[in-house]
>>> print(open('entry.cif').read())   # mmCIF, C-alpha atoms
data_final
#
loop_
_atom_site.label_atom_id
_atom_site.label_comp_id
_atom_site.auth_asym_id
_atom_site.auth_seq_id
_atom_site.Cartn_x
_atom_site.Cartn_y
_atom_site.Cartn_z
CA MET A 263 82.43 112.43 162.08
CA LYS A 264 85.69 110.53 162.60
CA ARG A 265 84.48 107.76 160.33
CA THR A 266 83.60 110.26 157.60
CA SER A 267 87.04 111.84 157.88
CA CYS A 268 88.69 108.44 157.58
CA LEU A 269 86.68 107.59 154.49
CA LEU A 270 87.63 110.90 152.89
CA ALA A 271 91.27 110.28 153.72
CA LEU A 272 91.11 106.83 152.14
CA ALA A 273 89.45 108.30 149.04
CA VAL A 274 92.24 110.81 148.43
CA LEU A 275 95.09 108.52 149.48
CA PRO A 276 95.71 107.10 145.96
CA ALA A 277 96.05 110.64 144.60
CA LEU A 278 98.52 111.56 147.34
CA LEU A 279 100.65 108.51 146.46
CA HIS A 280 101.19 109.85 142.94
CA ALA A 281 102.96 113.03 141.91
CA ARG A 282 102.50 114.85 138.66
CA THR A 283 104.85 113.83 135.85
CA VAL A 284 106.04 116.72 133.72
CA VAL A 285 108.10 116.86 130.53
CA ARG A 286 108.96 120.43 129.60
CA GLY A 287 111.03 121.52 126.66
CA THR A 288 111.73 123.62 123.62
CA CYS A 289 111.06 122.80 120.00
CA ASP A 290 112.43 124.43 116.83
CA ASN A 291 110.12 126.60 114.68
CA ASN A 292 106.83 124.82 115.42
CA GLU A 293 104.63 127.48 116.99
CA GLY A 294 101.03 126.31 117.32
CA GLN A 295 101.85 122.70 116.49
CA THR A 296 101.47 119.83 118.94
CA VAL A 297 103.88 117.74 120.99
CA THR A 298 102.40 114.56 122.50
CA LEU A 299 103.42 112.20 125.29
CA CYS A 300 102.28 108.60 124.67
CA ARG A 301 102.50 105.36 126.64
CA CYS A 302 103.67 102.30 124.72
CA ILE A 303 100.92 99.69 125.19
CA ASP A 304 100.33 96.50 123.21
CA GLY A 305 102.27 97.77 120.23
CA HIS A 306 100.58 101.15 119.91
CA ASP A 307 100.89 104.65 121.33
CA GLU A 308 98.24 105.70 123.84
CA SER A 309 98.16 109.48 124.28
CA ARG A 310 98.61 110.69 127.87
CA ALA A 311 99.27 114.42 127.41
CA SER A 312 99.66 116.99 124.65
CA SER A 313 100.84 120.58 124.39
CA GLU A 314 100.90 123.25 121.73
CA VAL A 315 104.28 124.82 121.06
CA ALA A 316 104.27 128.44 122.25
CA ALA A 317 105.64 131.43 120.34
CA ASP A 318 108.96 131.10 122.19
CA GLY A 319 109.24 127.42 121.23
CA THR A 320 108.37 126.03 124.66
CA PHE A 321 105.91 123.26 125.52
CA SER A 322 104.86 121.43 128.70
CA LEU A 323 103.47 117.89 128.92
CA SER A 324 101.87 117.07 132.25
CA CYS A 325 99.91 114.04 133.47
CA ASP A 326 98.92 112.32 136.72
CA ALA A 327 99.53 108.80 137.97
CA ILE A 328 101.59 107.30 135.16
CA ASP A 329 102.76 103.69 135.13
CA GLU A 330 106.50 103.13 135.12
CA GLY A 331 107.79 102.13 131.72
CA TYR A 332 108.55 103.30 128.21
CA TYR A 333 106.87 106.35 126.73
CA VAL A 334 107.41 108.30 123.53
CA VAL A 335 107.51 112.04 122.98
CA VAL A 336 106.04 112.66 119.52
CA SER A 337 107.37 115.84 117.93
CA PRO A 338 105.32 118.12 115.62
CA SER A 339 107.05 116.44 112.67
CA LYS A 340 105.82 113.03 114.02
CA VAL A 341 109.30 111.82 114.97
CA ARG A 342 109.01 109.49 117.99
CA HIS A 343 111.54 109.79 120.81
CA ALA A 344 111.67 107.03 123.41
CA VAL A 345 112.00 107.88 127.11
CA TYR A 346 111.69 105.77 130.27
CA LEU A 347 109.51 107.46 132.90
CA ARG A 348 108.49 106.95 136.49
CA ASP A 349 105.63 108.59 138.31
CA GLY A 350 106.47 112.07 139.60
CA MET A 351 109.46 112.77 137.36
CA GLU A 352 110.02 116.33 136.12
CA MET A 353 112.41 116.74 133.26
CA GLU A 354 113.44 119.21 130.59
CA VAL A 355 114.21 118.27 126.99
CA VAL A 356 115.21 119.90 123.72
CA LEU A 357 113.69 118.72 120.41
CA SER A 358 115.93 119.80 117.56
CA GLU A 359 116.80 118.40 114.12
CA GLY A 360 115.03 115.10 114.72
CA VAL A 361 116.80 114.44 118.04
CA MET A 362 115.56 114.72 121.63
CA LYS A 363 118.12 115.63 124.29
CA ILE A 364 117.36 115.44 128.01
CA VAL A 365 119.01 118.43 129.63
CA GLU A 366 117.72 118.32 133.21
CA GLY A 367 115.75 116.28 135.72
CA TYR A 368 116.53 112.70 134.68
CA PRO A 369 117.49 110.59 137.73
CA GLU A 370 120.93 109.03 138.07
CA SER A 371 119.26 105.65 138.65
CA LEU A 372 118.15 105.69 135.01
CA SER A 373 121.50 106.72 133.54
CA SER A 374 121.78 103.39 131.71
CA GLN A 375 118.65 104.29 129.75
CA LEU A 376 120.31 107.49 128.53
CA LEU A 377 123.53 105.67 127.72
CA TRP A 378 121.67 103.21 125.51
CA GLU A 379 119.53 105.92 123.91
CA GLU A 380 122.63 107.79 122.81
CA ALA A 381 124.44 104.67 121.59
CA VAL A 382 121.56 103.25 119.56
CA ARG A 383 120.39 106.51 117.96
CA LYS A 384 122.15 106.17 114.59
CA PRO A 385 121.44 102.45 113.99
CA LEU A 386 117.78 103.01 114.91
CA LEU A 387 117.64 105.95 112.51
CA HIS A 388 118.83 103.68 109.69
CA ALA A 389 116.34 101.00 110.74
CA ALA A 390 113.37 103.37 110.84
CA PHE A 391 114.35 104.78 107.46
CA HIS A 392 114.45 101.36 105.83
CA VAL A 393 111.05 100.45 107.31
CA SER A 394 109.34 103.69 106.25
CA VAL A 395 111.03 104.13 102.84
CA PRO A 396 111.38 100.69 101.16
CA GLY A 397 114.44 100.51 98.95
CA ALA A 398 116.02 103.59 100.50
CA SER A 399 119.75 103.84 101.11
CA THR A 400 121.44 105.20 104.23
CA VAL A 401 125.02 104.19 105.09
CA GLU A 402 126.93 101.52 103.20
CA SER A 403 127.06 97.98 104.56
CA GLY A 404 130.61 98.28 105.91
CA GLU A 405 129.82 101.43 107.87
CA PHE A 406 126.64 99.87 109.24
CA CYS A 407 128.55 96.81 110.45
CA ALA A 408 131.11 99.08 112.14
CA GLU A 409 128.28 100.93 113.89
CA MET A 410 126.79 97.63 115.05
CA SER A 411 130.16 96.45 116.33
CA GLY A 412 130.46 99.53 118.54
CA LEU A 413 126.85 99.16 119.65
CA ARG A 414 127.43 95.53 120.55
CA GLU A 415 130.12 96.56 123.04
CA VAL A 416 127.70 98.90 124.81
CA ALA A 417 124.97 96.23 124.74
CA THR A 418 127.27 93.61 126.26
CA ARG A 419 128.16 95.98 129.07
CA LEU A 420 124.54 96.83 129.84
CA LEU A 421 123.30 93.24 129.60
CA SER A 422 125.93 92.14 132.14
CA HIS A 423 124.42 94.40 134.82
CA PRO A 424 122.20 92.74 137.47
CA LYS A 425 118.47 93.08 136.65
CA VAL A 426 117.44 94.36 140.09
CA SER A 427 114.67 96.76 139.02
CA VAL A 428 111.82 96.98 136.53
CA ALA A 429 113.82 99.57 134.58
CA ASP A 430 116.89 97.31 134.36
CA SER A 431 114.81 94.35 133.22
CA LEU A 432 112.97 96.34 130.53
CA LEU A 433 116.19 97.94 129.36
CA ALA A 434 117.73 94.50 128.86
CA LEU A 435 114.72 93.52 126.76
CA ARG A 436 114.93 96.73 124.77
CA VAL A 437 118.67 96.34 124.13
CA ARG A 438 118.07 92.91 122.63
CA ALA A 439 115.14 94.19 120.56
CA ASP A 440 116.93 97.28 119.24
CA MET A 441 119.98 95.26 118.21
CA ALA A 442 117.85 92.75 116.29
CA PHE A 443 115.61 95.47 114.80
CA ALA A 444 118.57 97.40 113.40
CA VAL A 445 119.96 94.31 111.64
CA ILE A 446 116.64 93.05 110.27
CA ALA A 447 115.53 96.45 108.97
CA TYR A 448 118.88 97.14 107.30
CA GLU A 449 118.96 93.71 105.68
CA ALA A 450 115.37 94.04 104.41
CA GLY A 451 115.99 97.48 102.96
CA HIS A 452 119.60 97.38 101.84
CA GLY A 453 121.36 94.05 102.40
CA ILE A 454 124.35 93.31 104.64
CA GLU A 455 127.36 92.17 102.65
CA GLN A 456 130.29 90.71 104.61
CA GLY A 457 129.10 88.24 107.26
CA GLY A 458 125.51 89.23 106.62
CA GLU A 459 123.97 85.76 106.64
CA ALA A 460 125.14 84.89 110.14
CA MET A 461 124.22 88.33 111.49
CA VAL A 462 120.72 88.19 110.01
CA ALA A 463 120.11 84.59 111.11
CA GLY A 464 121.06 85.54 114.66
CA ALA A 465 118.79 88.61 114.57
CA LEU A 466 115.83 86.58 113.30
CA SER A 467 116.30 83.97 116.00
CA GLU A 468 116.56 86.67 118.67
CA THR A 469 113.45 88.39 117.32
CA GLU A 470 111.34 85.26 117.44
CA SER A 471 112.44 84.75 121.04
CA LEU A 472 111.48 88.33 121.87
CA PHE A 473 108.04 87.91 120.31
CA ALA A 474 107.26 85.23 122.92
CA ASP A 475 107.85 87.72 125.75
CA SER A 476 104.60 89.36 126.89
CA ARG A 477 106.48 92.61 127.56
CA PHE A 478 107.71 92.98 123.98
CA ALA A 479 104.63 94.86 122.72
CA SER A 480 105.27 97.64 125.26
CA LEU A 481 108.67 98.52 123.87
CA PRO A 482 108.82 101.91 122.11
CA PHE A 483 109.58 100.59 118.61
CA ALA A 484 107.76 97.25 118.78
CA ALA A 485 105.43 97.96 115.84
CA ASP A 486 108.30 99.13 113.62
CA MET A 487 110.20 95.97 114.46
CA LEU A 488 107.20 93.82 113.54
CA VAL A 489 107.04 95.50 110.13
CA ALA A 490 110.76 95.00 109.54
CA TYR A 491 110.58 91.32 110.54
CA VAL A 492 107.52 90.64 108.37
CA ASN A 493 109.05 92.45 105.37
CA LEU A 494 112.18 90.33 105.53
CA VAL A 495 110.50 86.97 106.11
CA ALA A 496 107.70 87.62 103.60
CA ALA A 497 110.22 88.51 100.89
CA GLY A 498 111.93 85.15 101.41
CA ARG A 499 108.59 83.38 101.04
CA GLU A 500 107.52 85.51 98.05
CA ILE A 501 104.39 86.85 99.75
CA ALA A 502 103.04 89.87 97.86
CA ARG A 503 103.92 93.24 99.38
CA ASP A 504 100.29 94.30 99.65
CA ASP A 505 98.93 91.03 101.05
CA TYR A 506 99.05 92.37 104.59
CA VAL A 507 96.64 89.84 106.07
CA LEU A 508 98.75 86.89 104.90
CA ARG A 509 101.88 88.70 106.01
CA SER A 510 100.43 89.27 109.48
CA GLN A 511 100.05 85.50 109.87
CA LEU A 512 103.83 85.24 109.99
CA LEU A 513 103.37 86.49 113.56
CA SER A 514 102.10 83.85 115.97
CA ARG A 515 100.35 86.00 118.60
CA PRO A 516 97.13 87.96 117.82
CA ILE A 517 98.38 90.99 119.76
CA LEU A 518 101.42 91.17 117.46
CA GLN A 519 99.29 90.68 114.33
CA GLU A 520 97.03 93.53 115.44
CA SER A 521 99.97 95.81 116.17
CA TYR A 522 101.49 95.05 112.76
CA LEU A 523 98.25 95.71 110.87
CA CYS A 524 97.58 98.93 112.76
CA LYS A 525 101.08 100.16 111.92
CA ILE A 526 100.47 99.32 108.27
CA ALA A 527 97.13 101.18 108.30
CA GLN A 528 98.75 104.25 109.84
CA GLY A 529 101.13 104.40 106.89
CA MET A 530 98.55 103.83 104.15
CA ARG A 531 98.01 106.67 101.69
CA PHE A 532 94.54 105.91 100.30
CA TYR A 533 91.10 105.35 101.82
CA GLU A 534 90.32 102.28 99.73
CA HIS A 535 93.39 100.42 100.99
CA VAL A 536 92.29 100.87 104.61
CA THR A 537 88.72 99.74 103.90
CA ASP A 538 90.02 96.68 102.05
CA LEU A 539 92.22 95.76 105.00
CA GLN A 540 89.39 96.40 107.47
CA GLN A 541 86.96 94.20 105.54
CA ARG A 542 89.42 91.34 105.29
CA VAL A 543 89.95 91.14 109.05
CA SER A 544 86.58 92.36 110.35
CA ASP A 545 85.70 88.94 111.76
CA SER A 546 88.99 88.53 113.58
CA VAL A 547 89.57 88.33 117.31
CA PHE A 548 91.36 91.68 117.45
CA SER A 549 90.61 94.20 120.17
CA PRO A 550 88.38 97.29 119.76
CA TYR A 551 91.60 99.28 119.29
CA PHE A 552 92.01 97.71 115.86
CA GLN A 553 88.69 99.06 114.60
CA SER A 554 89.45 102.42 116.21
CA CYS A 555 92.79 102.51 114.39
CA MET A 556 91.07 101.73 111.06
CA GLU A 557 88.50 104.49 111.59
CA GLN A 558 91.23 107.01 112.40
CA ALA A 559 93.10 106.03 109.24
CA LYS A 560 89.95 106.42 107.13
CA GLU A 561 89.25 109.83 108.64
CA ARG A 562 92.78 110.93 107.76
CA LEU A 563 92.33 109.69 104.18
CA ALA A 564 88.74 110.84 103.61
CA TRP A 565 89.95 113.03 100.71
CA SER A 566 90.58 109.86 98.65
CA ARG A 567 87.28 108.14 99.35
CA PRO A 568 85.92 106.61 96.09
CA GLY A 569 82.80 108.19 94.64
CA GLN A 570 84.00 111.78 94.63
CA PRO A 571 84.18 113.76 91.37
CA ALA A 572 87.47 113.21 89.57
CA PRO A 573 89.51 116.45 89.36
CA ALA A 574 89.76 117.69 85.77
CA PHE A 575 93.12 117.70 84.01
CA LYS A 576 94.64 117.94 80.57
CA GLY A 577 97.98 117.25 78.92
CA MET A 578 100.00 117.52 75.76
CA THR A 579 99.79 114.77 73.14
CA PRO A 580 102.86 113.56 71.16
CA ASP A 581 101.83 115.65 68.13
CA GLY A 582 101.63 118.83 70.21
CA GLY A 583 97.88 118.77 70.65
CA GLU A 584 95.86 118.66 73.86
CA LEU A 585 93.79 115.93 75.48
CA SER A 586 91.62 116.36 78.58
CA LEU A 587 89.80 114.04 80.94
CA ASN A 588 86.49 115.73 80.05
CA GLN A 589 86.70 114.23 76.56
CA PHE A 590 86.09 110.78 78.06
CA ARG A 591 82.89 111.62 79.98
CA GLY A 592 80.45 108.70 79.92
CA LYS A 593 83.24 106.10 79.75
CA VAL A 594 85.27 104.18 82.29
CA VAL A 595 88.80 105.63 82.25
CA VAL A 596 91.86 103.61 83.30
CA ILE A 597 94.93 105.79 83.89
CA ASP A 598 98.58 104.73 83.99
CA VAL A 599 100.71 107.40 85.69
CA TRP A 600 104.44 107.08 85.01
CA ALA A 601 107.71 108.93 84.52
CA THR A 602 110.51 108.67 81.97
CA TRP A 603 113.11 107.70 84.61
CA CYS A 604 110.96 105.06 86.35
CA VAL A 605 112.12 101.51 85.57
CA PRO A 606 109.14 99.80 87.32
CA CYS A 607 106.84 102.01 85.22
CA ILE A 608 108.43 100.76 82.00
CA LYS A 609 108.02 97.17 83.19
CA MET A 610 104.29 97.73 83.72
CA MET A 611 103.70 99.06 80.19
CA PRO A 612 103.28 95.64 78.49
CA HIS A 613 100.72 94.62 81.11
CA PHE A 614 98.80 97.88 80.63
CA LYS A 615 98.80 97.38 76.84
CA ARG A 616 97.66 93.77 77.25
CA LEU A 617 94.78 94.80 79.52
CA ALA A 618 93.74 97.50 77.03
CA ALA A 619 93.63 94.86 74.27
CA GLU A 620 91.63 92.42 76.45
CA LEU A 621 89.08 95.09 77.41
CA ASN A 622 88.71 96.56 73.95
CA SER A 623 85.32 98.25 74.28
CA PRO A 624 83.76 101.58 73.29
CA ASP A 625 82.80 102.03 76.95
CA VAL A 626 86.36 102.11 78.33
CA GLU A 627 89.39 104.28 77.59
CA PHE A 628 93.01 103.67 78.61
CA LEU A 629 95.03 106.82 79.23
CA SER A 630 98.81 107.04 79.68
CA VAL A 631 99.87 110.06 81.75
CA CYS A 632 103.58 110.83 81.89
CA LEU A 633 104.57 113.29 84.61
CA GLY A 634 107.79 115.25 84.32
CA VAL A 635 109.40 118.56 83.40
CA SER A 636 109.60 120.09 79.96
CA VAL A 637 113.18 118.93 79.29
CA GLU A 638 111.89 115.33 79.43
CA ILE A 639 109.45 115.71 76.54
CA ASP A 640 111.92 114.43 73.93
CA ARG A 641 112.75 111.46 76.16
CA TRP A 642 109.00 110.79 76.54
CA LYS A 643 108.55 110.70 72.75
CA GLN A 644 111.54 108.37 72.38
CA LEU A 645 110.03 105.94 74.90
CA ILE A 646 106.70 106.07 73.10
CA ALA A 647 108.43 105.00 69.89
CA LYS A 648 110.66 102.42 71.55
CA HIS A 649 107.79 100.65 73.34
CA GLN A 650 105.31 101.12 70.49
CA MET A 651 102.83 102.92 72.72
CA LYS A 652 99.56 103.83 71.07
CA GLY A 653 96.20 105.30 72.04
CA ASN A 654 95.66 108.12 74.53
CA LEU A 655 99.09 109.47 75.50
CA ILE A 656 99.71 112.77 77.30
CA PHE A 657 102.57 114.56 79.05
CA ILE A 658 101.86 116.81 82.05
CA ASP A 659 104.62 119.25 82.94
CA SER A 660 104.48 119.45 86.76
CA TRP A 661 105.02 117.37 89.87
CA THR A 662 103.78 120.12 92.19
CA LYS A 663 100.51 121.46 90.78
CA GLY A 664 97.54 120.47 88.67
CA PHE A 665 97.17 116.72 88.16
CA ALA A 666 100.02 115.72 90.51
CA LYS A 667 98.68 117.90 93.32
CA ASP A 668 94.98 117.04 92.84
CA TYR A 669 95.63 113.30 92.75
CA LYS A 670 98.46 113.46 95.32
CA VAL A 671 100.95 111.69 93.07
CA SER A 672 104.20 111.38 95.00
CA SER A 673 105.42 108.09 93.51
CA VAL A 674 105.02 106.09 90.32
CA PRO A 675 103.85 103.82 88.83
CA ARG A 676 100.31 104.64 89.92
CA PHE A 677 97.01 103.49 88.46
CA ILE A 678 93.71 105.38 88.74
CA VAL A 679 90.22 104.38 87.61
CA ILE A 680 87.33 106.77 86.94
CA ASP A 681 83.75 105.59 86.42
CA ARG A 682 81.23 106.54 83.70
CA ASN A 683 79.87 109.41 85.80
CA GLY A 684 83.25 111.07 86.12
CA ASN A 685 83.70 109.95 89.73
CA ILE A 686 86.76 108.31 91.25
CA ALA A 687 86.39 104.54 91.40
CA SER A 688 89.94 104.05 92.66
CA TYR A 689 92.61 106.62 93.50
CA SER A 690 95.18 103.85 93.76
CA ALA A 691 94.06 100.88 91.71
CA PRO A 692 95.78 97.48 91.57
CA ALA A 693 98.60 97.08 89.06
CA PRO A 694 97.72 95.66 85.61
CA ASN A 695 99.90 92.60 86.18
CA THR A 696 97.33 91.34 88.71
CA PRO A 697 93.77 90.16 87.91
CA ARG A 698 92.28 92.69 90.34
CA LEU A 699 92.51 95.70 88.01
CA LYS A 700 90.66 93.83 85.28
CA GLN A 701 88.02 92.72 87.78
CA LEU A 702 87.52 96.32 88.93
CA VAL A 703 87.10 97.64 85.39
CA VAL A 704 84.76 94.79 84.31
CA GLY A 705 82.65 95.45 87.38
CA LEU A 706 82.29 99.11 86.44
CA LEU A 707 81.44 98.20 82.84
CA ASN A 708 78.72 95.82 84.04
CA ASP A 709 77.29 98.41 86.44
CA LYS A 710 74.88 100.21 84.11
#
>>> encode(input="entry.cif", output="structure tokens")
Amino acid sequence: MKRTSCLLALAVLPALLHARTVVRGTCDNNEGQTVTLCRCIDGHDESRASSEVAADGTFSLSCDAIDEGYYVVVSPSKVRHAVYLRDGMEMEVVLSEGVMKIVEGYPESLSSQLLWEEAVRKPLLHAAFHVSVPGASTVESGEFCAEMSGLREVATRLLSHPKVSVADSLLALRVRADMAFAVIAYEAGHGIEQGGEAMVAGALSETESLFADSRFASLPFAADMLVAYVNLVAAGREIARDDYVLRSQLLSRPILQESYLCKIAQGMRFYEHVTDLQQRVSDSVFSPYFQSCMEQAKERLAWSRPGQPAPAFKGMTPDGGELSLNQFRGKVVVIDVWATWCVPCIKMMPHFKRLAAELNSPDVEFLSVCLGVSVEIDRWKQLIAKHQMKGNLIFIDSWTKGFAKDYKVSSVPRFIVIDRNGNIASYSAPAPNTPRLKQLVVGLLNDK
């Protein structure tokens, strides 16, 4: 009997050594939506708890036996908020206007974590923006440098503290990473003017040093930093923006390559792009998580899977007539979607015209679709005359319904290919200045 009791005691002892970790809070206007608590592991977020937002805006994330380290609270709007947690902590937070504030329950021993979180918030916001929206603009270079100067003072203070605990050691690593990430992302997306070269060179050197640290991939913004680093280095080496496999090879460790590619897949907008990426790395040494990440991305983008019937649409021709997709049934249709204000669209026009001339066949039609609002119609006609555009030309007056909504057009230029049977062959085809679009169309023409 005594032996049995001892065995039972030993069985429950691990559970008694751990207390429940709870993150409670309030969230603005998100009733029924989900807040998630994730652990940062190997460059990806592993879900540990989730909670629906109640009618009064409250939520409660609760989990057992957590490992000490960095976690992220993911808001209903998918904004990620970093937080350092230990087993048994109970804290209260407020999620509002893209910011998470800890209002109660955070231990004094982790006050340095909060100090850094507050100090780095704005530079990290700029960095994340430049990574997620290429070419976007936040603050001007001078203001960014002033922000970094103030942040550097806080970083110097924190890095001078003795690294006597796991939290202190990881914070030091994160401080270095956040500083470098902010500089690299801003430079890649905007460009630092005065003193930029030295600042960027230092950030790149620091980043490469951080990549060699096995703990780097468990930092809260590791994957974003990998994307920023790769974007900047690849641009200098003139590696194509969509050659993600070649870009991933700029990272020396497989775990970092996997994290980078998974982050890229999570941001992809079309099914075919994910499958192309998956096929190109299917024989790699990546972990099962990589394939899981690809499958999740494909599930999210199932709406754009090739082979589905192409949504019907019609538009106005330059002479005031009407032209519809249905008029091209039985032919391969190559569509150029553009806008009158889009400079990259105008630059693609000669390539589209050249491809149309090269593939001059009764079995293929090239269709130019200009999206806009009615006041742009005169401008559209002027551009048609200026660039000597001929053939199938239509104007569709809406960015929010009809064609734009059905094909989820949120940016231009965009190229779409429809097969002879009226099914989507590609929701987001390669640009006409690459050989891949021609190869796709020829393949469809040969598939009888």
>>> residues_around(input="entry.cif", residues="region 413-422 of chain A", least_positions_apart="5", cutoff="7 Å", atoms="all atoms listed in the file", output="MDAnalysis selection string")
chainID A and resid 381:382 434 437
>>> resolve_selection(input="entry.cif", expression="the PyMOL selection byres ((chain A and resi 602) around 8)", output="PDB file with C-alpha atoms, in the frame of the given file")
ATOM      1  CA  TRP A 600     104.440 107.080  85.010  1.00  0.00           C
ATOM      2  CA  ALA A 601     107.710 108.930  84.520  1.00  0.00           C
ATOM      3  CA  TRP A 603     113.110 107.700  84.610  1.00  0.00           C
ATOM      4  CA  CYS A 604     110.960 105.060  86.350  1.00  0.00           C
ATOM      5  CA  CYS A 632     103.580 110.830  81.890  1.00  0.00           C
ATOM      6  CA  LEU A 633     104.570 113.290  84.610  1.00  0.00           C
ATOM      7  CA  GLY A 634     107.790 115.250  84.320  1.00  0.00           C
ATOM      8  CA  GLU A 638     111.890 115.330  79.430  1.00  0.00           C
ATOM      9  CA  ARG A 641     112.750 111.460  76.160  1.00  0.00           C
ATOM     10  CA  TRP A 642     109.000 110.790  76.540  1.00  0.00           C
ATOM     11  CA  LEU A 645     110.030 105.940  74.900  1.00  0.00           C
TER      12      LEU A 645
END
>>> residues_around(input="entry.cif", residues="Gly453 (chain A)", least_positions_apart="5", cutoff="12 Å", atoms="all atoms listed in the file", output="compact mmCIF listing (two decimals) with C-alpha atoms, keeping the file's coordinate frame")
# COMPACT_ATOMS: atom_id res chain seq x y z
CA ALA A 389 116.34 101.00 110.74
CA HIS A 392 114.45 101.36 105.83
CA GLY A 397 114.44 100.51 98.95
CA ALA A 398 116.02 103.59 100.50
CA SER A 399 119.75 103.84 101.11
CA THR A 400 121.44 105.20 104.23
CA VAL A 401 125.02 104.19 105.09
CA GLU A 402 126.93 101.52 103.20
CA SER A 403 127.06 97.98 104.56
CA GLY A 404 130.61 98.28 105.91
CA PHE A 406 126.64 99.87 109.24
CA CYS A 407 128.55 96.81 110.45
CA ALA A 444 118.57 97.40 113.40
CA VAL A 445 119.96 94.31 111.64
CA ILE A 446 116.64 93.05 110.27
CA ALA A 447 115.53 96.45 108.97
CA TYR A 448 118.88 97.14 107.30
CA GLY A 458 125.51 89.23 106.62
CA GLU A 459 123.97 85.76 106.64
CA MET A 461 124.22 88.33 111.49
CA VAL A 462 120.72 88.19 110.01
CA LEU A 494 112.18 90.33 105.53
>>> atom_distance(input="entry.cif", atom1="CA of Gly457 (chain A)", atom2="CA of Phe473 (chain A)")
24.8 Å
>>> atom_distance(input="entry.cif", atom1="CA of Lys652 (chain A)", atom2="CA of Pro571 (chain A)")
27.3 Å
>>> residues_near_point(input="entry.cif", point="(105.8, 106.8, 91.6)", cutoff="10 Å", atoms="all atoms listed in the file", output="VMD selection string")
chain A and resid 599 to 601 604 606 to 607 633 671 to 677
>>> build_atoms(input="entry.cif", residues="region 377-381 of chain A", atoms="all heavy atoms", output="compact mmCIF listing (two decimals), in the frame of the given file")
# COMPACT_ATOMS: atom_id res chain seq x y z
N LEU A 377 122.34 106.20 128.39
CA LEU A 377 123.53 105.67 127.72
C LEU A 377 123.13 104.88 126.48
O LEU A 377 123.71 105.04 125.40
CB LEU A 377 124.32 104.78 128.68
CG LEU A 377 125.51 104.02 128.08
CD1 LEU A 377 126.57 104.99 127.58
CD2 LEU A 377 126.10 103.06 129.11
N TRP A 378 122.12 104.02 126.64
CA TRP A 378 121.67 103.21 125.51
C TRP A 378 121.01 104.08 124.43
O TRP A 378 121.23 103.88 123.24
CB TRP A 378 120.70 102.12 125.96
CG TRP A 378 120.23 101.28 124.81
CD1 TRP A 378 118.99 101.22 124.27
CD2 TRP A 378 121.05 100.39 124.02
NE1 TRP A 378 118.97 100.35 123.20
CE2 TRP A 378 120.21 99.83 123.03
CE3 TRP A 378 122.40 100.02 124.07
CZ2 TRP A 378 120.69 98.92 122.10
CZ3 TRP A 378 122.86 99.11 123.13
CH2 TRP A 378 122.01 98.57 122.16
N GLU A 379 120.22 105.05 124.86
CA GLU A 379 119.53 105.92 123.91
C GLU A 379 120.53 106.63 123.00
O GLU A 379 120.33 106.75 121.79
CB GLU A 379 118.70 106.95 124.68
CG GLU A 379 117.58 107.57 123.88
CD GLU A 379 116.51 106.57 123.51
OE1 GLU A 379 115.98 105.88 124.38
OE2 GLU A 379 116.22 106.49 122.30
N GLU A 380 121.60 107.10 123.58
CA GLU A 380 122.63 107.79 122.81
C GLU A 380 123.36 106.83 121.87
O GLU A 380 123.62 107.15 120.71
CB GLU A 380 123.63 108.47 123.75
CG GLU A 380 124.71 109.27 123.07
CD GLU A 380 124.18 110.47 122.30
OE1 GLU A 380 123.14 111.02 122.71
OE2 GLU A 380 124.80 110.86 121.29
N ALA A 381 123.68 105.64 122.37
CA ALA A 381 124.44 104.67 121.59
C ALA A 381 123.65 104.13 120.40
O ALA A 381 124.20 103.91 119.31
CB ALA A 381 124.89 103.52 122.48
